[in-house]
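> Coordinates in data10.cif, mmCIF, C-alpha atoms, are listed below.
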data_coords
loop_
_atom_site.label_atom_id
_atom_site.label_comp_id
_atom_site.auth_asym_id
_atom_site.auth_seq_id
_atom_site.Cartn_x
_atom_site.Cartn_y
_atom_site.Cartn_z
CA MET A 1 142.73 -203.23 -9.81
CA SER A 2 144.21 -200.50 -7.60
CA GLU A 3 147.74 -200.71 -6.28
CA ASP A 4 148.10 -201.16 -2.53
CA GLY A 5 148.89 -197.91 -0.78
CA LYS A 6 148.02 -195.60 -3.64
CA PHE A 7 145.21 -193.35 -2.44
CA PHE A 8 143.58 -190.17 -3.70
CA ILE A 9 141.78 -187.96 -1.18
CA LEU A 10 139.01 -186.05 -2.93
CA GLY A 11 137.51 -183.43 -0.61
CA VAL A 12 134.19 -182.28 -2.04
CA GLY A 13 132.94 -180.02 0.71
CA ALA A 14 130.96 -178.72 2.23
CA GLN A 15 132.21 -175.17 2.11
CA LYS A 16 132.59 -173.68 5.62
CA ALA A 17 132.49 -177.16 7.19
CA GLY A 18 136.11 -177.61 8.26
CA THR A 19 137.77 -178.57 4.98
CA THR A 20 140.53 -175.94 5.24
CA TRP A 21 141.41 -177.04 8.76
CA LEU A 22 141.45 -180.69 7.71
CA ALA A 23 143.68 -179.93 4.74
CA SER A 24 146.11 -178.03 6.99
CA GLN A 25 146.38 -181.07 9.26
CA LEU A 26 146.95 -183.48 6.39
CA GLU A 27 149.61 -181.20 4.90
CA LYS A 28 151.68 -181.59 8.07
CA THR A 29 151.96 -185.34 7.61
CA SER A 30 154.63 -187.19 5.64
CA PHE A 31 152.22 -189.59 3.92
CA PHE A 32 150.14 -186.90 2.17
CA SER A 33 150.96 -184.44 -0.60
CA ASN A 34 148.93 -181.89 -2.54
CA ALA A 35 151.91 -179.88 -3.80
CA GLY A 36 151.01 -177.18 -1.29
CA ILE A 37 147.70 -176.44 -3.02
CA LYS A 38 144.54 -177.12 -1.03
CA GLU A 39 141.94 -176.16 -3.61
CA PHE A 40 142.77 -176.87 -7.24
CA HIS A 41 139.38 -175.74 -8.61
CA ILE A 42 139.73 -177.74 -11.81
CA PHE A 43 136.41 -179.44 -12.52
CA ASN A 44 134.27 -176.49 -11.44
CA LYS A 45 136.25 -174.15 -13.73
CA LEU A 46 136.89 -176.17 -16.85
CA LEU A 47 137.95 -174.09 -19.85
CA ILE A 48 136.47 -176.66 -22.20
CA LYS A 49 132.97 -177.26 -23.43
CA SER A 50 131.52 -180.61 -24.38
CA ASN A 51 129.91 -180.76 -27.83
CA SER A 52 130.69 -184.34 -28.73
CA LYS A 53 129.82 -187.63 -27.08
CA LYS A 54 132.94 -189.25 -28.51
CA ASN A 55 135.26 -186.41 -27.54
CA PRO A 56 133.84 -184.33 -24.65
CA HIS A 57 136.94 -182.11 -24.57
CA LYS A 58 136.88 -181.15 -28.23
CA SER A 59 135.60 -177.58 -28.10
CA ILE A 60 137.66 -174.97 -26.24
CA GLN A 61 136.00 -171.85 -24.84
CA LYS A 62 138.31 -169.35 -26.51
CA ALA A 63 136.80 -166.34 -24.74
CA LYS A 64 137.88 -167.66 -21.34
CA ILE A 65 141.37 -168.41 -22.56
CA ASN A 66 141.68 -164.95 -24.12
CA ARG A 67 140.61 -163.34 -20.85
CA HIS A 68 143.27 -165.35 -19.05
CA ILE A 69 145.95 -164.24 -21.52
CA LYS A 70 144.95 -160.57 -21.27
CA ARG A 71 144.96 -160.76 -17.49
CA ARG A 72 148.45 -162.30 -17.50
CA CYS A 73 149.68 -159.55 -19.82
CA LYS A 74 148.28 -156.77 -17.65
CA GLN A 75 149.96 -158.32 -14.63
CA GLY A 76 153.27 -158.38 -16.49
CA HIS A 77 153.56 -162.18 -16.53
CA GLU A 78 154.99 -164.28 -19.29
CA LEU A 79 152.43 -165.95 -21.53
CA LEU A 80 152.93 -169.32 -19.91
CA ILE A 81 149.96 -171.49 -19.04
CA SER A 82 150.00 -172.38 -15.36
CA PRO A 83 149.58 -176.04 -14.36
CA ARG A 84 146.04 -175.41 -13.16
CA VAL A 85 145.03 -173.67 -16.39
CA ALA A 86 146.50 -176.60 -18.30
CA MET A 87 144.40 -178.97 -16.20
CA ARG A 88 141.28 -176.93 -16.89
CA LEU A 89 142.00 -177.17 -20.60
CA SER A 90 142.74 -180.88 -20.48
CA PRO A 91 141.59 -182.73 -17.33
CA SER A 92 143.88 -185.65 -18.20
CA ALA A 93 146.75 -183.39 -17.08
CA TYR A 94 145.16 -183.34 -13.62
CA PHE A 95 145.44 -187.08 -13.23
CA ASP A 96 148.95 -187.12 -14.72
CA PHE A 97 150.00 -184.44 -12.22
CA PHE A 98 148.85 -186.38 -9.17
CA ASP A 99 150.24 -189.62 -10.50
CA TYR A 100 153.63 -187.93 -10.82
CA LEU A 101 153.21 -186.36 -7.36
CA TYR A 102 152.70 -189.84 -5.92
CA LEU A 103 155.48 -191.53 -7.89
CA ARG A 104 158.19 -188.96 -7.14
CA GLN A 105 157.85 -189.23 -3.35
CA PRO A 106 158.48 -192.73 -1.93
CA ASP A 107 157.02 -191.89 1.50
CA VAL A 108 153.76 -190.53 0.07
CA SER A 109 150.83 -192.95 -0.04
CA HIS A 110 148.07 -190.34 -0.30
CA VAL A 111 147.73 -187.37 -2.64
CA GLY A 112 144.69 -185.22 -3.04
CA ASP A 113 142.61 -182.19 -3.85
CA ILE A 114 140.24 -180.69 -1.29
CA THR A 115 138.01 -178.27 -3.22
CA PRO A 116 134.64 -177.68 -1.49
CA ALA A 117 133.16 -176.30 -4.73
CA TYR A 118 133.23 -179.86 -6.09
CA SER A 119 130.02 -180.48 -4.15
CA THR A 120 128.29 -178.53 -6.95
CA LEU A 121 129.54 -180.86 -9.70
CA SER A 122 127.18 -182.98 -11.77
CA ARG A 123 126.94 -186.76 -11.58
CA LYS A 124 128.60 -186.96 -14.98
CA THR A 125 131.60 -184.90 -13.92
CA LEU A 126 132.00 -186.82 -10.66
CA SER A 127 131.92 -190.06 -12.63
CA SER A 128 134.60 -188.74 -14.98
CA ILE A 129 136.80 -187.94 -11.97
CA ARG A 130 136.31 -191.47 -10.68
CA ASP A 131 137.25 -192.92 -14.06
CA GLY A 132 140.35 -190.73 -14.26
CA LEU A 133 141.51 -191.81 -10.81
CA MET A 134 140.87 -195.47 -11.47
CA ALA A 135 142.78 -195.27 -14.74
CA LYS A 136 145.83 -194.21 -12.71
CA ASN A 137 145.23 -197.02 -10.21
CA PHE A 138 144.27 -194.64 -7.40
CA GLN A 139 141.92 -195.80 -4.68
CA PRO A 140 139.42 -192.91 -4.29
CA LYS A 141 138.80 -191.63 -0.77
CA VAL A 142 135.98 -189.08 -0.98
CA ILE A 143 135.43 -186.82 2.03
CA PHE A 144 132.20 -184.88 2.49
CA LEU A 145 131.89 -182.82 5.68
CA MET A 146 128.55 -181.32 6.65
CA ARG A 147 127.57 -178.47 8.93
CA ASP A 148 124.21 -177.38 10.32
CA PRO A 149 122.54 -175.94 7.16
CA VAL A 150 121.55 -172.72 8.92
CA GLU A 151 125.04 -172.12 10.27
CA ARG A 152 126.74 -173.14 7.01
CA SER A 153 124.59 -170.76 4.96
CA TRP A 154 125.23 -167.83 7.26
CA SER A 155 128.94 -168.60 7.46
CA GLN A 156 129.20 -168.63 3.67
CA LEU A 157 127.64 -165.18 3.51
CA ARG A 158 130.02 -163.88 6.20
CA MET A 159 132.93 -165.30 4.22
CA ASN A 160 131.71 -163.51 1.09
CA ASN A 161 131.52 -160.28 3.06
CA ARG A 162 135.03 -160.85 4.43
CA PHE A 163 136.30 -161.21 0.87
CA LYS A 164 134.70 -157.86 0.02
CA VAL A 165 136.73 -156.23 2.77
CA GLU A 166 139.97 -157.97 1.76
CA ARG A 167 139.62 -157.44 -1.99
CA LYS A 168 137.58 -154.27 -2.35
CA ASN A 169 137.80 -152.66 1.09
CA THR A 170 133.99 -152.72 1.17
CA ILE A 171 132.56 -153.14 4.66
CA THR A 172 129.16 -154.76 5.21
CA THR A 173 127.29 -153.65 8.32
CA PRO A 174 125.46 -156.20 10.51
CA GLU A 175 122.17 -154.72 9.34
CA GLN A 176 123.16 -155.14 5.68
CA GLU A 177 124.29 -158.71 6.34
CA PHE A 178 120.97 -159.52 8.02
CA LYS A 179 119.06 -158.12 5.05
CA ALA A 180 121.22 -160.04 2.57
CA LEU A 181 120.78 -163.30 4.48
CA LYS A 182 117.03 -163.16 3.86
CA ASN A 183 117.65 -163.88 0.19
CA PHE A 184 121.11 -165.42 0.21
CA HIS A 185 120.03 -168.69 1.87
CA LYS A 186 117.73 -169.30 -1.12
CA SER A 187 120.33 -168.41 -3.74
CA ARG A 188 121.66 -171.01 -6.17
CA SER A 189 125.17 -170.68 -4.76
CA CYS A 190 123.97 -171.42 -1.24
CA VAL A 191 121.47 -174.16 -2.09
CA GLN A 192 123.98 -176.07 -4.23
CA ARG A 193 126.32 -176.28 -1.24
CA THR A 194 123.73 -176.90 1.48
CA ARG A 195 121.34 -179.52 0.10
CA TYR A 196 123.46 -182.40 1.37
CA ASP A 197 120.69 -184.84 0.47
CA ILE A 198 121.05 -183.95 -3.21
CA ILE A 199 124.84 -183.89 -3.06
CA SER A 200 124.95 -187.36 -1.50
CA LYS A 201 122.88 -188.81 -4.34
CA LYS A 202 125.35 -187.46 -6.87
CA LEU A 203 128.33 -188.76 -4.92
CA GLU A 204 126.81 -192.19 -4.50
CA SER A 205 125.98 -192.42 -8.19
CA ALA A 206 129.68 -192.04 -8.99
CA PHE A 207 131.48 -193.71 -6.08
CA GLU A 208 131.01 -196.86 -4.03
CA PRO A 209 129.65 -196.45 -0.48
CA ASN A 210 132.95 -197.58 1.04
CA GLN A 211 134.74 -194.84 -0.93
CA ILE A 212 132.81 -192.01 0.74
CA PHE A 213 133.31 -190.58 4.24
CA TYR A 214 130.51 -188.49 5.72
CA GLY A 215 131.47 -186.33 8.66
CA PHE A 216 130.10 -183.41 10.65
CA TYR A 217 131.80 -180.09 11.31
CA GLU A 218 130.40 -179.98 14.84
CA THR A 219 132.09 -183.27 15.84
CA LEU A 220 135.15 -183.11 13.56
CA PHE A 221 137.47 -181.52 16.11
CA SER A 222 137.93 -184.56 18.33
CA GLN A 223 140.47 -187.37 18.32
CA VAL A 224 137.69 -189.95 18.17
CA GLU A 225 136.39 -188.52 14.91
CA ILE A 226 139.87 -188.09 13.47
CA ASN A 227 140.56 -191.75 14.29
CA ARG A 228 137.41 -192.70 12.40
CA LEU A 229 138.62 -190.67 9.45
CA THR A 230 142.14 -192.13 9.45
CA LYS A 231 140.66 -195.62 9.52
CA PHE A 232 138.64 -194.72 6.42
CA LEU A 233 141.67 -193.19 4.73
CA GLU A 234 143.84 -196.21 5.58
CA CYS A 235 146.57 -193.85 6.69
CA PRO A 236 148.84 -193.48 9.73
CA ALA A 237 147.49 -191.89 12.91
CA ILE A 238 147.09 -188.12 12.96
CA THR A 239 147.33 -185.89 16.03
CA PRO A 240 145.80 -182.59 14.88
CA GLU A 241 145.98 -179.10 16.34
CA PHE A 242 142.39 -178.87 17.53
CA GLY A 243 142.87 -175.30 18.74
CA LYS A 244 143.98 -174.02 15.34
CA VAL A 245 141.42 -171.79 13.63
CA VAL A 246 141.59 -171.41 9.85
CA HIS A 247 139.64 -168.82 7.81
CA ALA A 248 137.09 -168.09 10.52
CA SER A 249 134.26 -165.66 9.77
CA PRO A 250 133.07 -164.43 13.19
CA LYS A 251 129.45 -163.48 13.81
CA THR A 252 128.50 -159.96 14.76
CA ASN A 253 127.76 -159.15 18.40
CA VAL A 254 125.06 -156.70 17.37
CA LYS A 255 121.58 -157.81 18.40
CA LEU A 256 119.33 -157.74 15.36
CA GLU A 257 115.57 -157.68 15.62
CA GLY A 258 114.01 -160.55 13.71
CA LEU A 259 117.20 -162.64 13.51
CA THR A 260 115.74 -165.56 15.46
CA GLU A 261 112.73 -165.67 13.17
CA LEU A 262 114.94 -165.52 10.08
CA LEU A 263 117.09 -168.44 11.28
CA GLN A 264 113.92 -170.45 11.86
CA GLU A 265 112.82 -169.58 8.33
CA ILE A 266 116.12 -170.83 6.92
CA ARG A 267 115.79 -174.03 8.91
CA ALA A 268 112.33 -174.59 7.44
CA PHE A 269 113.67 -173.92 3.94
CA TYR A 270 116.23 -176.70 4.39
CA ALA A 271 113.79 -179.08 6.10
CA PRO A 272 114.38 -181.84 3.48
CA THR A 273 118.10 -181.79 4.31
CA TYR A 274 117.52 -182.02 8.06
CA THR A 275 115.08 -184.89 7.55
CA TRP A 276 117.50 -186.73 5.25
CA ALA A 277 120.36 -186.33 7.74
CA ARG A 278 118.33 -187.73 10.65
CA ASP A 279 117.00 -190.62 8.58
CA ARG A 280 120.48 -191.40 7.26
CA PHE A 281 122.71 -190.84 10.29
CA GLY A 282 120.35 -190.97 13.25
CA ALA A 283 122.01 -190.27 16.59
CA ALA A 284 125.27 -189.32 14.83
CA VAL A 285 123.72 -185.99 13.77
CA PRO A 286 125.14 -183.36 16.14
CA GLU A 287 122.88 -181.90 18.81
CA ALA A 288 123.71 -178.45 17.45
CA TRP A 289 121.50 -179.24 14.46
CA GLY A 290 118.47 -179.07 16.76
CA ASP A 291 115.41 -181.32 16.93
#
Using structure tokens, write down the structure from this file.

Amino acid sequence: MSEDGKFFILGVGAQKAGTTWLASQLEKTSFFSNAGIKEFHIFNKLLIKSNSKKNPHKSIQKAKINRHIKRRCKQGHELLISPRVAMRLSPSAYFDFFDYLYLRQPDVSHVGDITPAYSTLSRKTLSSIRDGLMAKNFQPKVIFLMRDPVERSWSQLRMNNRFKVERKNTITTPEQEFKALKNFHKSRSCVQRTRYDIISKKLESAFEPNQIFYGFYETLFSQVEINRLTKFLECPAITPEFGKVVHASPKTNVKLEGLTELLQEIRAFYAPTYTWARDRFGAAVPEAWGD
């Protein structure tokens, strides 16, 4: 039985659907704490490998750990394992960390981890997260935000290209981006994050319906929607900065021949997701998603 007022916000995506903005608004409140870390990236980057039904965390992937140690040495750091690496080695440390985060701050009722990559997790892993939270008497509050599949796919590619500029000083031209989009929308990375119909089945196999909040990027930035979210979270009212833009990846102004046709092709590729959304949410699906 969960304790009253002990909540865990688990943001599972979707990537490029407003999760960073939402996290920034929650971080301004006094009732929420994530230790200043939006994305923990624990369960999508575990440094352990299951080879035993009785002890799924028995076998450690030594190669990954060695790479981490070498990287730390090259960077001149001490050979100390960071909290997140420790969590990836032993997920129980993750739940201990958030339990401590909750207990040490009397005003905090909600703690959480908003990592969009968690939308790619398996049913088994999601169930293990649920079990870990319940063992610490947390009430899970799962948030899954969705964005028009076409727009989300393209935005993810633009983000990837932005990272290339920031990390490698490699600039992608609009023409190169257009060419890449033809294949990117069908890539495993993109499909895993865009097939909301598949993601929802995994979420609902691990969590109860009343533990999951489905929202839309296109309608997120309104007080009405935020009020709906705070009701779900069982938290105090939030007055967000709706004009604040976080990690935007602007579209090019260059007119590209064939772009309209390509976007229609992407829409057709994700037809099952559009159909699922309309069957599931009806009139709540934003107009921007099209007919």
> Could you tell me how far atom CA of Ile42 of chain A sits from atom CA of Ala93 of chain A, in Å to one decimal place?
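Here the two named atoms are 10.4 Å from each other.
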> Find the residue from A:Ser90, A:Thr115, A:Ser82, A:Thr20 that sits nearest to Glu39 of chain A; use all atoms listed in the file when measuring.
A:Thr115
> Report, in Å with one decimal, the straight-line distance from atom CA of Met159 of chain A to atom CA of Ser249 of chain A.
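Between these atoms lies a distance of 5.7 Å.
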> Quick one: residues within 8 Å of segment 194-202 of chain A, only C-alpha atoms counted, chain neighbours fewer than 5 positions away excluded, as JSON, numbers by chain?
{"A": [14, 119, 120, 122, 123, 126, 146, 149, 152, 153, 270, 272, 273, 276, 277]}
> Need to verify the contact set: segment 176-178 of chain A, 8 Å, all atoms listed in the file, exclusion of same-chain residues closer than 6 positions in sequence. Can you return it as a list in words?
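That gives Leu157, Arg158, Leu256 and Leu259 of chain A.
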> Selected residues, C-alpha atoms, written as a PDB file, in the coordinates of the input, please.

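Wrote it out as result_11.pdb, contents follow:
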ATOM      1  CA  LEU A 157     127.640-165.180   3.510  1.00  0.00           C
ATOM      2  CA  ARG A 158     130.020-163.880   6.200  1.00  0.00           C
ATOM      3  CA  LEU A 256     119.330-157.740  15.360  1.00  0.00           C
ATOM      4  CA  LEU A 259     117.200-162.640  13.510  1.00  0.00           C
TER       5      LEU A 259
END
> What separation in Å, quoted to one decimal, exists between atom CA of Val224 of chain A and atom CA of Glu287 of chain A?
16.9 Å
> Between A:Ser189, A:Thr260, A:Gln211, A:Ser24, which has the minimum distance to Pro140 of chain A (counting all atoms listed in the file)?
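Nearest to Pro140 of chain A: A:Gln211.
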> Compile the contact shell of Ile37 of chain A as a list in words: residues with an atom at most 12 Å away, counting all atoms listed in the file, same-chain residues fewer than 6 positions apart removed.
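Once the nearby chain positions are removed, what remains is Thr20, Ala23, Ser24, Leu26, Glu27, Pro83, Arg84, Phe98, Val111, Gly112, Asp113, Ile114 and Thr115 of chain A.
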> Give me, as a VMD selection string, all polymer residues having an atom no more than 12 Å from Ala288 of chain A, counting only C-alpha atoms and skipping those fewer than 2 positions away in the same chain.
chain A and resid 147 to 151 216 to 219 274 283 to 286 290 to 291
> Any chance you could resolve the PyMOL selection byres ((chain A and resi 235) around 10) against this file and give the residues as a VMD selection string?
chain A and resid 5 7 31 to 32 109 to 110 227 229 to 234 236 to 238
> Take the residues from that selection and put them in a file with C-alpha atoms, as a PDB file, in the frame of the given file.

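Result written to part_16.pdb:
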ATOM      1  CA  GLY A   5     148.890-197.910  -0.780  1.00  0.00           C
ATOM      2  CA  PHE A   7     145.210-193.350  -2.440  1.00  0.00           C
ATOM      3  CA  PHE A  31     152.220-189.590   3.920  1.00  0.00           C
ATOM      4  CA  PHE A  32     150.140-186.900   2.170  1.00  0.00           C
ATOM      5  CA  SER A 109     150.830-192.950  -0.040  1.00  0.00           C
ATOM      6  CA  HIS A 110     148.070-190.340  -0.300  1.00  0.00           C
ATOM      7  CA  ASN A 227     140.560-191.750  14.290  1.00  0.00           C
ATOM      8  CA  LEU A 229     138.620-190.670   9.450  1.00  0.00           C
ATOM      9  CA  THR A 230     142.140-192.130   9.450  1.00  0.00           C
ATOM     10  CA  LYS A 231     140.660-195.620   9.520  1.00  0.00           C
ATOM     11  CA  PHE A 232     138.640-194.720   6.420  1.00  0.00           C
ATOM     12  CA  LEU A 233     141.670-193.190   4.730  1.00  0.00           C
ATOM     13  CA  GLU A 234     143.840-196.210   5.580  1.00  0.00           C
ATOM     14  CA  PRO A 236     148.840-193.480   9.730  1.00  0.00           C
ATOM     15  CA  ALA A 237     147.490-191.890  12.910  1.00  0.00           C
ATOM     16  CA  ILE A 238     147.090-188.120  12.960  1.00  0.00           C
TER      17      ILE A 238
END
> To test your reading of the syntax: which residues would the PyMOL selection byres ((chain A and resi 246) around 10) return for the file shown? Reply as an MDAnalysis selection string.
chainID A and resid 18:22 24 243:245 247:249
> Dig up all the protein and nucleic acid residues within 10 Å of (127.4, -158.6, 15.0) in the file frame, using all atoms listed in the file, and format them as a short mmCIF file (atom, residue, chain, number, x, y, z; two decimals) with C-alpha atoms, in the coordinates of the input.

data_model
loop_
_atom_site.label_atom_id
_atom_site.label_comp_id
_atom_site.auth_asym_id
_atom_site.auth_seq_id
_atom_site.Cartn_x
_atom_site.Cartn_y
_atom_site.Cartn_z
CA THR A 173 127.29 -153.65 8.32
CA PRO A 174 125.46 -156.20 10.51
CA GLU A 175 122.17 -154.72 9.34
CA GLU A 177 124.29 -158.71 6.34
CA PHE A 178 120.97 -159.52 8.02
CA PRO A 250 133.07 -164.43 13.19
CA LYS A 251 129.45 -163.48 13.81
CA THR A 252 128.50 -159.96 14.76
CA ASN A 253 127.76 -159.15 18.40
CA VAL A 254 125.06 -156.70 17.37
CA LYS A 255 121.58 -157.81 18.40
CA LEU A 256 119.33 -157.74 15.36
#
> Name all residues at most 9 Å from Leu46 of chain A (count all atoms listed in the file; drop same-chain ones fewer than 2 positions away) and give them as a short mmCIF file (atom, residue, chain, number, x, y, z; two decimals) with C-alpha atoms, in the frame of the given file.

data_model
loop_
_atom_site.label_atom_id
_atom_site.label_comp_id
_atom_site.auth_asym_id
_atom_site.auth_seq_id
_atom_site.Cartn_x
_atom_site.Cartn_y
_atom_site.Cartn_z
CA HIS A 41 139.38 -175.74 -8.61
CA ILE A 42 139.73 -177.74 -11.81
CA PHE A 43 136.41 -179.44 -12.52
CA ASN A 44 134.27 -176.49 -11.44
CA ILE A 48 136.47 -176.66 -22.20
CA LYS A 49 132.97 -177.26 -23.43
CA VAL A 85 145.03 -173.67 -16.39
CA MET A 87 144.40 -178.97 -16.20
CA ARG A 88 141.28 -176.93 -16.89
CA LEU A 89 142.00 -177.17 -20.60
CA SER A 90 142.74 -180.88 -20.48
CA PRO A 91 141.59 -182.73 -17.33
#
> Given the PyMOL selection byres ((chain A and resi 124) around 12) and the file above, list the residues it selects as a list in words.
Phe43, Ser50, Pro56, Thr120, Leu121, Ser122, Arg123, Thr125, Leu126, Ser127, Ser128, Ile129, Arg130, Asp131, Lys202, Leu203, Glu204, Ser205, Ala206 and Phe207 of chain A
> Of the residues A:Leu101, A:Leu263, A:Ala17, A:Ile81, which is the one nearest to Arg193 of chain A, using only C-alpha atoms?
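Ranked by minimum distance to Arg193 of chain A, first place goes to A:Ala17.
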> Name the closest residue to Asn160 of chain A among the candidates A:Asn137, A:Cys190, A:Lys45, A:Gly282; distances are taken between atoms, counting all atoms listed in the file.
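Closest residue, counting all atoms listed in the file: A:Cys190.
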